[in-house]
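Asker: Coordinates in run_23.txt, compact mmCIF, C-alpha atoms, are listed below.
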```txt
# COMPACT_ATOMS: atom_id res chain seq x y z
CA MET A 1 106.05 57.94 93.48
CA ASN A 2 108.00 60.93 92.15
CA TYR A 3 108.82 64.03 94.18
CA CYS A 4 110.38 67.46 93.68
CA PHE A 5 111.71 70.19 95.96
CA GLY A 6 110.76 73.86 95.77
CA VAL A 7 113.25 76.33 97.26
CA ASP A 8 112.62 80.07 97.62
CA ILE A 9 115.78 81.86 98.74
CA GLY A 10 115.09 85.15 100.49
CA GLY A 11 117.32 87.59 102.31
CA THR A 12 116.19 86.41 105.77
CA THR A 13 114.90 82.87 105.30
CA VAL A 14 114.97 80.10 102.74
CA LYS A 15 111.49 78.64 102.31
CA MET A 16 111.47 75.01 101.21
CA GLY A 17 108.91 72.37 100.32
CA ILE A 18 108.60 68.80 99.09
CA PHE A 19 105.85 68.15 96.55
CA LYS A 20 104.43 65.12 94.82
CA PHE A 21 104.21 65.16 91.03
CA ASP A 22 100.60 66.43 91.14
CA GLY A 23 101.49 69.37 93.41
CA GLU A 24 100.36 67.81 96.69
CA THR A 25 102.48 69.16 99.55
CA VAL A 26 104.44 66.58 101.54
CA ASP A 27 106.23 69.04 103.83
CA LYS A 28 107.03 72.76 104.14
CA TRP A 29 109.69 74.41 106.30
CA GLU A 30 112.17 77.28 106.55
CA ILE A 31 115.85 77.65 107.31
CA LYS A 32 117.85 80.78 108.06
CA THR A 33 119.58 82.50 105.16
CA ARG A 34 123.21 82.88 106.22
CA THR A 35 124.40 85.81 104.13
CA GLU A 36 127.75 86.34 105.86
CA ASN A 37 130.96 85.55 103.94
CA LYS A 38 129.30 86.50 100.65
CA GLY A 39 126.53 83.97 101.21
CA SER A 40 128.91 81.02 100.92
CA ALA A 41 126.81 78.86 103.28
CA ILE A 42 123.44 79.34 101.58
CA LEU A 43 123.59 76.53 99.01
CA PRO A 44 125.37 74.06 101.34
CA ASP A 45 122.63 74.74 103.92
CA VAL A 46 119.97 74.05 101.28
CA ALA A 47 121.71 70.81 100.28
CA TYR A 48 121.98 69.68 103.90
CA SER A 49 118.30 70.44 104.53
CA VAL A 50 117.29 68.50 101.40
CA ALA A 51 119.31 65.48 102.56
CA GLU A 52 117.80 65.61 106.06
CA LYS A 53 114.24 65.78 104.71
CA LEU A 54 114.86 62.84 102.39
CA LYS A 55 115.90 60.82 105.45
CA GLU A 56 112.96 62.06 107.53
CA HIS A 57 110.39 61.09 104.91
CA ALA A 58 112.24 57.96 103.76
CA ILE A 59 112.33 59.20 100.17
CA PRO A 60 115.08 57.67 98.02
CA LYS A 61 117.11 60.19 96.03
CA GLU A 62 116.19 58.29 92.86
CA ALA A 63 112.54 59.28 93.40
CA VAL A 64 113.36 63.01 93.30
CA LEU A 65 112.87 64.56 89.87
CA GLY A 66 114.73 67.71 90.79
CA ILE A 67 115.10 70.83 92.91
CA GLY A 68 113.60 74.11 91.69
CA VAL A 69 115.08 77.29 93.09
CA GLY A 70 113.88 80.90 93.09
CA VAL A 71 116.45 83.62 93.79
CA PRO A 72 116.01 87.41 94.23
CA ALA A 73 118.07 88.37 91.18
CA PRO A 74 118.16 88.01 87.40
CA VAL A 75 119.16 84.45 86.43
CA SER A 76 120.70 83.25 83.17
CA GLU A 77 119.30 80.24 81.31
CA ASP A 78 122.11 78.08 82.69
CA GLY A 79 121.36 79.03 86.30
CA ILE A 80 124.04 81.66 86.85
CA VAL A 81 123.50 84.74 89.03
CA ASN A 82 125.65 87.83 88.56
CA GLY A 83 125.16 89.69 91.82
CA THR A 84 122.30 89.93 94.31
CA ALA A 85 121.15 92.82 96.47
CA ASN A 86 120.65 90.89 99.70
CA LEU A 87 122.30 87.44 99.55
CA GLY A 88 125.93 88.50 99.33
CA TRP A 89 126.47 86.62 96.06
CA GLU A 90 128.52 88.25 93.34
CA TYR A 91 128.98 85.59 90.66
CA LYS A 92 127.28 82.31 91.57
CA GLU A 93 126.71 79.21 89.45
CA VAL A 94 123.63 78.23 91.42
CA LYS A 95 122.51 75.32 89.23
CA HIS A 96 125.95 73.73 88.91
CA GLU A 97 126.91 74.20 92.56
CA LEU A 98 123.66 72.83 94.00
CA GLU A 99 123.73 69.86 91.60
CA GLU A 100 127.26 69.09 92.79
CA LEU A 101 126.18 69.32 96.44
CA THR A 102 123.03 67.20 96.11
CA GLY A 103 123.48 64.92 93.11
CA ILE A 104 119.99 66.02 92.00
CA LYS A 105 118.96 67.98 88.89
CA VAL A 106 118.42 71.69 89.58
CA LYS A 107 116.53 74.47 87.75
CA VAL A 108 116.80 78.12 88.79
CA GLY A 109 114.61 81.18 88.16
CA ASN A 110 114.04 84.72 89.36
CA ASP A 111 111.92 84.71 92.52
CA ALA A 112 109.15 86.99 91.21
CA ASN A 113 108.81 84.98 88.00
CA VAL A 114 108.81 81.76 89.98
CA ALA A 115 106.08 83.08 92.32
CA ALA A 116 104.00 83.95 89.25
CA LEU A 117 104.40 80.40 88.00
CA GLY A 118 103.30 79.08 91.40
CA GLU A 119 100.13 81.19 91.37
CA MET A 120 99.35 80.02 87.84
CA TRP A 121 99.85 76.39 88.84
CA LYS A 122 98.11 76.10 92.21
CA GLY A 123 96.97 79.61 93.16
CA GLY A 124 94.79 82.43 91.86
CA GLY A 125 95.52 81.57 88.24
CA GLN A 126 94.92 77.84 88.54
CA GLY A 127 93.26 76.43 85.45
CA CYS A 128 94.76 79.07 83.14
CA GLN A 129 97.68 78.55 80.79
CA ASN A 130 98.63 82.21 80.26
CA GLY A 131 98.73 84.88 82.91
CA VAL A 132 100.49 87.84 84.45
CA MET A 133 101.13 88.27 88.15
CA VAL A 134 101.51 91.72 89.69
CA THR A 135 102.99 91.81 93.18
CA LEU A 136 102.25 94.93 95.21
CA GLY A 137 104.64 95.02 98.15
CA THR A 138 107.46 97.34 99.20
CA GLY A 139 108.06 97.53 95.46
CA VAL A 140 106.05 96.31 92.48
CA GLY A 141 107.16 93.05 90.90
CA GLY A 142 105.61 90.47 88.67
CA GLY A 143 105.96 87.71 86.19
CA VAL A 144 104.62 86.65 82.81
CA VAL A 145 103.60 83.03 82.24
CA HIS A 146 102.79 81.66 78.78
CA ASP A 147 101.70 78.04 78.29
CA GLN A 148 102.64 77.42 81.95
CA LYS A 149 106.21 78.58 81.31
CA ILE A 150 107.95 81.72 82.56
CA VAL A 151 108.68 84.39 79.99
CA ALA A 152 111.88 85.92 81.34
CA GLY A 153 112.97 87.60 78.10
CA ARG A 154 116.39 87.77 76.50
CA HIS A 155 117.91 89.85 79.33
CA GLY A 156 115.83 88.66 82.27
CA LEU A 157 113.67 91.80 82.29
CA GLY A 158 110.40 90.06 81.46
CA GLY A 159 107.90 90.72 84.24
CA GLU A 160 109.59 93.88 85.59
CA ILE A 161 106.13 95.42 85.72
CA GLY A 162 106.99 97.89 88.46
CA HIS A 163 109.34 99.76 86.15
CA ILE A 164 106.94 100.42 83.32
CA HIS A 165 106.98 104.20 82.86
CA ILE A 166 103.46 105.49 83.31
CA ARG A 167 103.63 108.92 84.95
CA GLU A 168 104.99 112.04 83.33
CA GLY A 169 106.40 114.84 85.45
CA GLU A 170 107.56 112.71 88.40
CA LYS A 171 110.56 114.42 90.01
CA GLU A 172 111.54 111.77 92.56
CA THR A 173 113.85 109.00 91.42
CA CYS A 174 112.76 105.37 91.45
CA ASN A 175 115.02 102.65 92.89
CA CYS A 176 115.79 101.65 89.30
CA GLY A 177 117.10 105.12 88.52
CA GLY A 178 114.09 106.13 86.44
CA HIS A 179 111.22 108.54 87.03
CA GLY A 180 107.49 107.90 86.85
CA CYS A 181 107.60 104.10 87.30
CA LEU A 182 104.50 102.19 88.36
CA GLU A 183 106.36 101.19 91.52
CA GLN A 184 106.52 104.84 92.58
CA VAL A 185 102.75 105.10 92.85
CA ALA A 186 101.37 101.58 93.33
CA SER A 187 103.77 99.96 95.81
CA ALA A 188 103.17 100.14 99.56
CA THR A 189 105.78 102.90 99.80
CA GLY A 190 104.27 104.63 96.76
CA ILE A 191 100.77 104.62 98.23
CA ALA A 192 102.09 106.16 101.46
CA ARG A 193 103.93 108.82 99.44
CA GLU A 194 100.78 109.62 97.46
CA ALA A 195 98.92 110.08 100.74
CA ARG A 196 101.56 112.46 102.12
CA ARG A 197 101.46 114.46 98.90
CA LYS A 198 97.67 114.61 98.93
CA MET A 199 97.57 115.78 102.56
CA ALA A 200 100.18 118.46 101.82
CA ALA A 201 98.32 119.70 98.74
CA LYS A 202 94.79 119.85 100.18
CA PRO A 203 93.49 121.19 103.49
CA ASP A 204 90.60 118.69 103.68
CA ALA A 205 89.98 116.91 106.96
CA SER A 206 91.04 113.28 106.90
CA VAL A 207 91.64 110.47 109.40
CA MET A 208 94.94 109.96 107.59
CA ARG A 209 96.32 113.12 109.17
CA ALA A 210 96.56 111.37 112.54
CA TYR A 211 99.43 109.26 111.16
CA GLY A 212 101.44 112.16 109.77
CA ASP A 213 104.59 111.22 107.86
CA ALA A 214 104.47 107.73 109.43
CA ILE A 215 101.39 106.80 107.40
CA THR A 216 101.43 103.36 105.76
CA ALA A 217 99.62 101.86 102.77
CA LYS A 218 97.45 99.89 105.19
CA ASN A 219 96.43 103.11 106.95
CA VAL A 220 95.44 104.60 103.59
CA LEU A 221 93.46 101.53 102.53
CA ASP A 222 91.70 101.26 105.89
CA ALA A 223 90.72 104.93 105.66
CA ALA A 224 89.51 104.51 102.09
CA LYS A 225 87.41 101.48 103.03
CA ALA A 226 85.86 103.57 105.82
CA GLY A 227 84.87 106.23 103.25
CA ASP A 228 87.50 108.88 103.98
CA ALA A 229 87.31 111.24 100.98
CA LEU A 230 91.01 112.10 100.81
CA ALA A 231 92.05 108.46 101.13
CA LEU A 232 89.61 107.57 98.35
CA GLU A 233 91.28 110.19 96.14
CA VAL A 234 94.67 108.59 96.83
CA MET A 235 93.45 105.11 95.98
CA ASP A 236 91.68 106.36 92.87
CA THR A 237 95.05 107.62 91.59
CA VAL A 238 96.78 104.34 92.53
CA CYS A 239 94.13 102.14 90.90
CA TYR A 240 94.03 104.32 87.78
CA TYR A 241 97.73 103.80 87.16
CA LEU A 242 97.48 100.10 87.94
CA GLY A 243 94.59 99.82 85.51
CA TRP A 244 96.67 101.69 82.94
CA ALA A 245 99.59 99.27 83.41
CA LEU A 246 97.33 96.23 83.07
CA ALA A 247 95.78 97.71 79.93
CA THR A 248 99.24 98.21 78.41
CA ILE A 249 100.28 94.67 79.27
CA SER A 250 96.98 93.30 77.97
CA MET A 251 97.55 94.89 74.58
CA THR A 252 101.00 93.25 74.48
CA VAL A 253 100.53 89.69 75.75
CA ASP A 254 96.72 89.32 76.08
CA PRO A 255 96.73 87.06 79.16
CA GLU A 256 93.83 84.94 80.33
CA ILE A 257 94.23 86.36 83.81
CA PHE A 258 95.96 88.97 85.94
CA VAL A 259 96.77 87.77 89.47
CA ILE A 260 97.29 90.53 92.05
CA GLY A 261 99.44 89.57 95.04
CA GLY A 262 101.74 91.07 97.67
CA GLY A 263 100.94 92.76 100.97
CA VAL A 264 98.81 95.52 99.42
CA SER A 265 96.52 92.86 97.90
CA LYS A 266 95.27 92.04 101.41
CA ALA A 267 92.79 94.84 100.72
CA GLY A 268 90.97 92.18 98.70
CA THR A 269 88.30 92.85 96.11
CA PHE A 270 88.01 96.46 97.33
CA LEU A 271 91.32 96.93 95.50
CA THR A 272 90.99 94.53 92.58
CA ASP A 273 87.48 95.68 91.60
CA TRP A 274 88.75 99.25 91.41
CA ILE A 275 91.79 98.26 89.32
CA ASP A 276 89.56 96.17 87.08
CA ARG A 277 87.21 99.09 86.41
CA TYR A 278 90.03 101.29 85.08
CA TYR A 279 91.64 98.39 83.22
CA ARG A 280 88.38 97.76 81.37
CA GLU A 281 87.81 101.46 80.64
CA LEU A 282 91.30 101.68 79.13
CA THR A 283 90.88 98.60 76.90
CA PRO A 284 87.67 99.36 74.96
CA ILE A 285 88.92 97.46 71.91
CA SER A 286 87.32 94.22 73.09
CA GLU A 287 85.05 92.81 75.78
CA ASN A 288 87.14 89.63 75.73
CA LYS A 289 90.03 90.31 78.05
CA GLY A 290 91.89 88.82 80.98
CA GLU A 291 90.14 88.61 84.33
CA VAL A 292 91.64 90.30 87.40
CA ARG A 293 91.90 87.98 90.43
CA LEU A 294 93.59 87.91 93.81
CA ALA A 295 96.61 85.71 94.49
CA THR A 296 95.90 82.91 96.97
CA LEU A 297 99.22 81.26 97.87
CA GLY A 298 100.75 84.11 99.87
CA ASN A 299 104.33 83.43 100.93
CA ASP A 300 104.14 79.88 99.54
CA ALA A 301 103.91 81.00 95.91
CA GLY A 302 107.69 80.83 95.54
CA ILE A 303 108.09 77.22 96.63
CA TYR A 304 105.16 76.08 94.49
CA GLY A 305 106.57 77.87 91.46
CA ALA A 306 110.08 76.56 92.08
CA ALA A 307 108.73 73.02 92.23
CA ARG A 308 106.76 73.63 89.03
CA LEU A 309 110.03 74.48 87.24
CA ILE A 310 110.98 70.84 87.65
CA LEU A 311 107.71 69.45 86.32
CA ASP A 312 107.96 70.92 82.81
```
Represent the supplied structure as structure tokens.
Answerer:
Amino acid sequence: MNYCFGVDIGGTTVKMGIFKFDGETVDKWEIKTRTENKGSAILPDVAYSVAEKLKEHAIPKEAVLGIGVGVPAPVSEDGIVNGTANLGWEYKEVKHELEELTGIKVKVGNDANVAALGEMWKGGGQGCQNGVMVTLGTGVGGGVVHDQKIVAGRHGLGGEIGHIHIREGEKETCNCGGHGCLEQVASATGIAREARRKMAAKPDASVMRAYGDAITAKNVLDAAKAGDALALEVMDTVCYYLGWALATISMTVDPEIFVIGGGVSKAGTFLTDWIDRYYRELTPISENKGEVRLATLGNDAGIYGAARLILD
């Protein structure tokens, strides 16, 4: 029996899993991400945890095909990270260092791309070879998968869906330094900002007003689902721009499927049906186009995708 490890390194916890060759989960667990001292303990902690789990499950090292790792940063083809926002790493040879610590082959990828691969393998995109994942959380991330392989691009920018420029006239600056990015309107923070703007611009009564400046994307979505007219206007704007982004991507890579994940996707088909309507209106060139589905793996997408890196 062959096994592989999937490791998803986040700023607070490292999610880990052992998988059989067919994707069956043997075990899943988390360890703390120790970011002090420039994150020097992170990879040794991962190596120690791998060794302990091999003992616990009586798996010989020779039966492990490899360790796949997702990290929240651009990653070079040889597994090198040049700086991370929340791990403390500056220059880190992740692949080489973890192979030295474990004696096991390692592959490394960007966490959003790896999560997309996980959803395509065992999640919302299962059964498809080509797909695009869009993650709607605090920001907007994503990943492009072609023939069950991540398309990271020459400079690691493949899948940076949140920073597609879609909105002219935006005065506020995006986290990337740009203006009018998809992330500024379709992320959880973007949805809340749209709601504040809408309430400031129109005097209409709305249940959203009870939340004031503390309003969240969930508040907006709950109000929209309940039929609040102002909240519906906000979500119509959000879904229009998401549909526009999907249409643009569709005309570039023509995926079999779009998988929508992240915290905002908990709104379910109320959200995806709306996005799909605009996406289809904006791609009249053909009736044959990628389906829009919800992600299904949640926080486990990263460990599934990391493990899938090994099974190529």
Asker: Segment 76-106 of chain A near segment 289-310 of chain A within 12 Å: what's each residue's closest atom pair and its distance in Å to one decimal, counting all atoms listed in the file, ordered by chain then ascending residue number, as a tab-separated table?
Answerer:
```
residue	atom	partner	partner_atom	distance
A:Ile104	CA	A:Ile310	CA	11.1
A:Lys105	CA	A:Ile310	CA	8.6
A:Val106	CA	A:Ile310	CA	7.7
```
Asker: For Ala205 of chain A, list every protein, DNA or RNA residue within 9 Å, evaluated using only C-alpha atoms, and leave out those in the same chain fewer than 5 positions away; present the list as a PyMOL selection string.
Answerer: chain A and resi 199+228-230
Asker: Output C-alpha atoms of each residue in that selection to a file, as a JSON list (two decimals), in the frame of the given file.
Answerer:
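File written: selection.json
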```json
[["chain", "number", "residue", "atom", "x", "y", "z"],
["A", 199, "MET", "CA", 97.57, 115.78, 102.56],
["A", 228, "ASP", "CA", 87.50, 108.88, 103.98],
["A", 229, "ALA", "CA", 87.31, 111.24, 100.98],
["A", 230, "LEU", "CA", 91.01, 112.10, 100.81]]
```
Asker: For segment 190-192 of chain A, work out the shell of residues within 12 Å, counting only C-alpha atoms and skipping chain neighbours fewer than 3 positions away, then give it as an MDAnalysis selection string.
Answerer: chainID A and resid 136:140 162 172:175 180:187 195:199 208:209 211:221 224 231:239 241:242 264
Asker: Which residue out of A:Leu43, A:Val64, A:Ala112, A:Val134 has the minimum interatomic distance to Glu93 of chain A when only C-alpha atoms are used?
Answerer: A:Leu43
Asker: With all atoms listed in the file as the basis for distance, which of A:Asn37, A:Gln148, A:Asn2, A:Thr135 is at the shortest distance from Asp111 of chain A?
Answerer: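 Result for the nearest residue to Asp111 of chain A: A:Thr135.
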Asker: So the first atom is atom CA of Gly142 of chain A and the second is atom CA of Glu168 of chain A; what is the distance between them in Å, to one decimal place?
Answerer: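 For atom CA of Gly142 of chain A relative to atom CA of Glu168 of chain A, the distance reads 22.2 Å.
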Asker: Please return segment 161-172 of chain A, rebuilt to all heavy atoms, as a CSV table (one decimal), in the frame of the given file.
Answerer:
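Once everything was written out, this is rebuild.csv:
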```csv
chain,number,residue,atom,x,y,z
A,161,ILE,N,107.3,94.6,85.9
A,161,ILE,CA,106.1,95.4,85.7
A,161,ILE,C,106.2,96.7,86.5
A,161,ILE,O,105.8,97.8,86.0
A,161,ILE,CB,104.9,94.6,86.2
A,161,ILE,CG1,104.7,93.5,85.2
A,161,ILE,CG2,103.7,95.5,86.3
A,161,ILE,CD1,103.8,92.4,85.7
A,162,GLY,N,106.9,96.7,87.6
A,162,GLY,CA,107.0,97.9,88.5
A,162,GLY,C,107.8,99.0,87.8
A,162,GLY,O,107.7,100.2,88.3
A,163,HIS,N,108.5,98.7,86.8
A,163,HIS,CA,109.3,99.8,86.2
A,163,HIS,C,108.9,100.1,84.8
A,163,HIS,O,109.6,100.7,84.0
A,163,HIS,CB,110.8,99.3,86.2
A,163,HIS,CG,111.3,99.1,87.6
A,163,HIS,ND1,111.4,100.1,88.5
A,163,HIS,CD2,111.5,98.0,88.3
A,163,HIS,CE1,111.7,99.7,89.7
A,163,HIS,NE2,111.8,98.3,89.6
A,164,ILE,N,107.6,99.8,84.5
A,164,ILE,CA,106.9,100.4,83.3
A,164,ILE,C,106.7,101.9,83.6
A,164,ILE,O,106.2,102.3,84.7
A,164,ILE,CB,105.6,99.8,83.1
A,164,ILE,CG1,105.8,98.3,82.7
A,164,ILE,CG2,104.8,100.5,82.0
A,164,ILE,CD1,104.4,97.5,82.6
A,165,HIS,N,107.1,102.8,82.7
A,165,HIS,CA,107.0,104.2,82.9
A,165,HIS,C,105.5,104.6,82.5
A,165,HIS,O,105.1,104.4,81.4
A,165,HIS,CB,107.9,104.9,81.9
A,165,HIS,CG,107.8,106.4,82.0
A,165,HIS,ND1,108.5,107.2,82.9
A,165,HIS,CD2,107.0,107.3,81.3
A,165,HIS,CE1,108.2,108.5,82.8
A,165,HIS,NE2,107.3,108.6,81.8
A,166,ILE,N,104.9,105.1,83.5
A,166,ILE,CA,103.5,105.5,83.3
A,166,ILE,C,103.1,106.9,83.7
A,166,ILE,O,102.0,107.4,83.4
A,166,ILE,CB,102.5,104.6,84.1
A,166,ILE,CG1,102.8,104.6,85.6
A,166,ILE,CG2,102.5,103.1,83.5
A,166,ILE,CD1,101.8,104.1,86.5
A,167,ARG,N,104.0,107.6,84.4
A,167,ARG,CA,103.6,108.9,85.0
A,167,ARG,C,104.6,110.0,84.5
A,167,ARG,O,105.8,110.0,84.9
A,167,ARG,CB,103.6,108.8,86.5
A,167,ARG,CG,102.9,110.0,87.1
A,167,ARG,CD,102.9,109.8,88.7
A,167,ARG,NE,101.7,110.4,89.3
A,167,ARG,CZ,101.5,110.4,90.6
A,167,ARG,NH1,102.3,109.8,91.4
A,167,ARG,NH2,100.4,111.0,91.1
A,168,GLU,N,104.1,110.9,83.7
A,168,GLU,CA,105.0,112.0,83.3
A,168,GLU,C,105.1,113.1,84.5
A,168,GLU,O,104.2,113.2,85.3
A,168,GLU,CB,104.4,112.7,82.1
A,168,GLU,CG,104.4,111.9,80.8
A,168,GLU,CD,105.9,111.6,80.4
A,168,GLU,OE1,106.7,112.5,80.3
A,168,GLU,OE2,106.2,110.4,80.2
A,169,GLY,N,106.2,113.7,84.5
A,169,GLY,CA,106.4,114.8,85.4
A,169,GLY,C,106.9,114.4,86.8
A,169,GLY,O,107.0,115.3,87.7
A,170,GLU,N,107.1,113.1,87.1
A,170,GLU,CA,107.6,112.7,88.4
A,170,GLU,C,109.0,113.2,88.6
A,170,GLU,O,109.9,112.9,87.8
A,170,GLU,CB,107.5,111.2,88.5
A,170,GLU,CG,108.0,110.6,89.8
A,170,GLU,CD,107.3,111.1,91.0
A,170,GLU,OE1,106.1,110.8,91.1
A,170,GLU,OE2,107.9,111.8,91.9
A,171,LYS,N,109.2,113.9,89.7
A,171,LYS,CA,110.6,114.4,90.0
A,171,LYS,C,111.4,113.5,90.9
A,171,LYS,O,112.6,113.5,90.7
A,171,LYS,CB,110.4,115.8,90.7
A,171,LYS,CG,109.6,116.8,90.0
A,171,LYS,CD,110.2,117.2,88.6
A,171,LYS,CE,109.5,118.3,87.9
A,171,LYS,NZ,110.0,118.5,86.6
A,172,GLU,N,110.8,112.7,91.7
A,172,GLU,CA,111.5,111.8,92.6
A,172,GLU,C,112.1,110.6,91.7
A,172,GLU,O,111.5,110.2,90.7
A,172,GLU,CB,110.7,111.3,93.7
A,172,GLU,CG,110.3,112.3,94.7
A,172,GLU,CD,109.7,111.8,96.0
A,172,GLU,OE1,110.1,110.7,96.4
A,172,GLU,OE2,108.8,112.4,96.5
```
